[in-house]
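Peer 1: Let me give you the structure first, and then I'll get to my questions.
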Amino acid sequence: MKARQLLSKLPPHLRRDGELILAHLLGRRVSSLPLLESDLSPETVRRFRELMDRRIGGVPTAYLLGEWDFYGRTFRVREGVLIPRPETELLVEKILSLIPDEGVWGFEIGCGSGCISITLLREKENLRMTAGDLNPSAVSLTLENARLHGVAERIEVFAGDMFEPVAGRKFSFVVSNPPYVPAHLWGKLPREVRREGHLSVIGGEKGYEFYERFCAEVRDYLLPGGFVALEIGHDQGKVVRDLLVSAGFEVMIYKDYAGQDRIALGWS
């Protein structure tokens, strides 16, 4: 069986997932699949069908592949840790535009796969990062990705809650893409999203409890002239703006590709 025949049997909404999975199994780019004329091996066909059955069963494609792309780089991922998303690339872009040329040290709360901190480190050679996460699996994954991308010597990663791992320290900026979905929406989320884990997705009963605590504490961890960068829920622009303003920040809210509030920046 040829690649195009195997893919043609998929329903349209799963075609892209099938292309990614087959390309991964073959060690090829998706764009090369239409040019592949040789028959697939029986083992490749078997593995493809096995993985597609799991995808249909609700496992995200990223977890099936064990990796996902972010900001032009490939990061390892694992179940229970948030999968990198295009919207978060906007957060990275905003931070990069604010980091000066001289030496800078940043802190990330809730590092997950490490895609934010590691991308910043790859883009800015003058930067050092500290990162923390409540999930030990996320801590080990961030370290794994840091080694993969050659920045392990410029990042320190801790398991811990919010600012606990960095008590008494101050940074040039603090960044976070925290869980921000209200708890009552958990059962309404797609199966694929729930596979990323309650800890990665749910931000409390209101969904913005993280930002309340963050804004109450963050100034103690910022150097003079420092800034904060947050990803927020599409309907949380006003509440996060008000929290940051009350904490003494000048604030800008930026929209994502869909025109929804997504990034909050605050300057002290």
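Identifiers in this document derive from the order of the structure tokens: chains are assigned A, B, ..., residues are numbered from 1 separately in each chain, and ligands are numbered from 1 in order of occurrence.
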Please provide as an NGL selection string all residues within 9 Å of range 140-143 of chain A, with the sequence filter that same-chain residues fewer than 6 positions apart are discarded (counting only C-alpha atoms).

Peer 2: :A and (76-78 or 81 or 111-115 or 117-118 or 131 or 152 or 155-157)

Peer 1: I want to know what sits within 9 Å of Gly132 in chain A, based on only C-alpha atoms, with residues of the same chain fewer than 6 positions away left out; could you give that as a ChimeraX atom specification?

Peer 2: /A:107-112,138-139,156-163,165-166

Peer 1: Could you tell me which of A:Lys255, A:Lys188, A:Lys206, A:Arg122 comes closest to Val239 in chain A if we count only C-alpha atoms?

Peer 2: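 Nearest candidate to Val239 in chain A out of A:Lys255, A:Lys188, A:Lys206, A:Arg122: A:Lys206.
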
Peer 1: Which residue gives the smallest distance to Gly168 in chain A among A:Tyr71, A:Phe227, A:Tyr221, A:Tyr254, with only C-alpha atoms counted?

Peer 2: A:Tyr221

Peer 1: Could you pull out the residues in range 23-170 of chain A that DSSP calls strand (DSSP E or B) from the backbone, as a list in words?

Peer 2: Glu67, Trp68, Asp69, Phe70, Arg73, Thr74, Phe75, Arg76, Val104, Trp105, Gly106, Phe107, Glu108, Ile109, Leu127, Arg128, Met129, Thr130, Ala131, Gly132, Asp133, Ile155, Glu156, Val157, Phe158 and Ala159 of chain A

Peer 1: Identify, on the basis of only C-alpha atoms, every residue whose closest approach to range 6-18 of chain A does not exceed 9 Å; exclude the query and any residue fewer than 3 positions from it along the same chain; express the result as a list of chain:residue names.

Peer 2: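 So the residues in contact are A:Met1, A:Lys2, A:Ala3, A:Ile21, A:Leu22, A:Ala23, A:Val45, A:Phe48, A:Leu51, A:Met52, A:Arg55, A:Ile56, A:Thr61.
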
Peer 1: Which residue gives the smallest distance to His198 in chain A among A:Gly80, A:Gly66, A:Gly233, A:Pro42, with only C-alpha atoms counted?

Peer 2: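 Comparing A:Gly80, A:Gly66, A:Gly233, A:Pro42 against His198 in chain A, the winner is A:Gly80.
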
Peer 1: When you look at range 170-187 of chain A with a cut-off of 7 Å (counting only C-alpha atoms), what residues show up, excluding the ones that are within fewer than 4 positions of it in the same chain? I need them as a list in words.

Peer 2: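 Selected residues are Val104, Trp105, Gly106, Phe107, Glu108, Ile109, Gly110, Ser200, Val201, Ile202, Gly203, Gly204, Glu205, Lys206, Gly207, Tyr208, Tyr221, Leu222, Leu223, Gly226, Phe227, Val228, Ala229, Leu230, Glu231, Ile232 and Gly233 of chain A.
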
Peer 1: Store the residues picked out above in a file with N, CA and C atoms, as a compact mmCIF listing (two decimals), in the first residue's frame.

Peer 2:
# COMPACT_ATOMS: atom_id res chain seq x y z
N VAL A 104 20.75 39.56 31.04
CA VAL A 104 19.40 39.56 31.62
C VAL A 104 19.14 38.19 32.23
N TRP A 105 18.38 38.16 33.33
CA TRP A 105 17.99 36.90 33.95
C TRP A 105 16.47 36.92 34.15
N GLY A 106 15.80 35.93 33.58
CA GLY A 106 14.35 35.85 33.68
C GLY A 106 13.90 34.65 34.49
N PHE A 107 12.65 34.69 34.90
CA PHE A 107 12.05 33.60 35.67
C PHE A 107 10.73 33.22 35.05
N GLU A 108 10.54 31.92 34.80
CA GLU A 108 9.27 31.41 34.27
C GLU A 108 8.57 30.57 35.32
N ILE A 109 7.30 30.86 35.54
CA ILE A 109 6.46 30.08 36.45
C ILE A 109 5.61 29.13 35.61
N GLY A 110 5.70 27.83 35.91
CA GLY A 110 4.92 26.83 35.18
C GLY A 110 5.55 26.55 33.83
N SER A 200 -2.44 21.24 34.41
CA SER A 200 -1.94 22.07 33.32
C SER A 200 -2.98 23.03 32.77
N VAL A 201 -4.26 22.74 33.00
CA VAL A 201 -5.32 23.44 32.30
C VAL A 201 -6.21 24.29 33.22
N ILE A 202 -6.57 23.74 34.38
CA ILE A 202 -7.57 24.39 35.23
C ILE A 202 -6.92 25.39 36.18
N GLY A 203 -7.44 26.62 36.15
CA GLY A 203 -6.86 27.69 36.95
C GLY A 203 -7.65 28.04 38.19
N GLY A 204 -8.46 27.11 38.70
CA GLY A 204 -9.26 27.36 39.89
C GLY A 204 -10.72 27.54 39.56
N GLU A 205 -11.52 27.82 40.57
CA GLU A 205 -12.96 27.95 40.36
C GLU A 205 -13.29 29.09 39.39
N LYS A 206 -12.59 30.20 39.52
CA LYS A 206 -12.83 31.35 38.64
C LYS A 206 -11.99 31.28 37.37
N GLY A 207 -10.89 30.57 37.43
CA GLY A 207 -9.98 30.50 36.29
C GLY A 207 -8.84 31.49 36.37
N TYR A 208 -8.97 32.53 37.19
CA TYR A 208 -7.91 33.53 37.26
C TYR A 208 -7.29 33.66 38.65
N TYR A 221 9.83 40.20 43.40
CA TYR A 221 10.80 39.38 42.68
C TYR A 221 11.29 40.06 41.39
N LEU A 222 10.94 41.33 41.21
CA LEU A 222 11.35 42.07 40.02
C LEU A 222 12.43 43.09 40.36
N LEU A 223 13.43 43.17 39.50
CA LEU A 223 14.42 44.23 39.60
C LEU A 223 13.79 45.56 39.16
N GLY A 226 11.87 46.19 35.78
CA GLY A 226 11.51 44.87 35.25
C GLY A 226 10.11 44.83 34.69
N PHE A 227 9.79 43.73 34.01
CA PHE A 227 8.45 43.59 33.43
C PHE A 227 7.92 42.18 33.64
N VAL A 228 6.60 42.04 33.46
CA VAL A 228 5.96 40.73 33.53
C VAL A 228 5.26 40.47 32.20
N ALA A 229 5.19 39.19 31.83
CA ALA A 229 4.55 38.78 30.58
C ALA A 229 3.71 37.55 30.87
N LEU A 230 2.41 37.64 30.57
CA LEU A 230 1.48 36.58 30.91
C LEU A 230 0.62 36.20 29.72
N GLU A 231 0.41 34.91 29.53
CA GLU A 231 -0.66 34.47 28.64
C GLU A 231 -1.94 34.42 29.46
N ILE A 232 -3.05 34.82 28.84
CA ILE A 232 -4.32 34.90 29.57
C ILE A 232 -5.44 34.26 28.76
N GLY A 233 -6.55 33.95 29.43
CA GLY A 233 -7.72 33.44 28.75
C GLY A 233 -8.37 34.51 27.89

Peer 1: Hey, can you check how far CA of Ala264 in chain A sits from CA of Ser137 in chain A?

Peer 2: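 Between these atoms lies a distance of 27.2 Å.
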
Peer 1: Can you measure CA of Val251 in chain A to CA of Asp133 in chain A for me? One decimal in Å is fine.

Peer 2: 25.4 Å
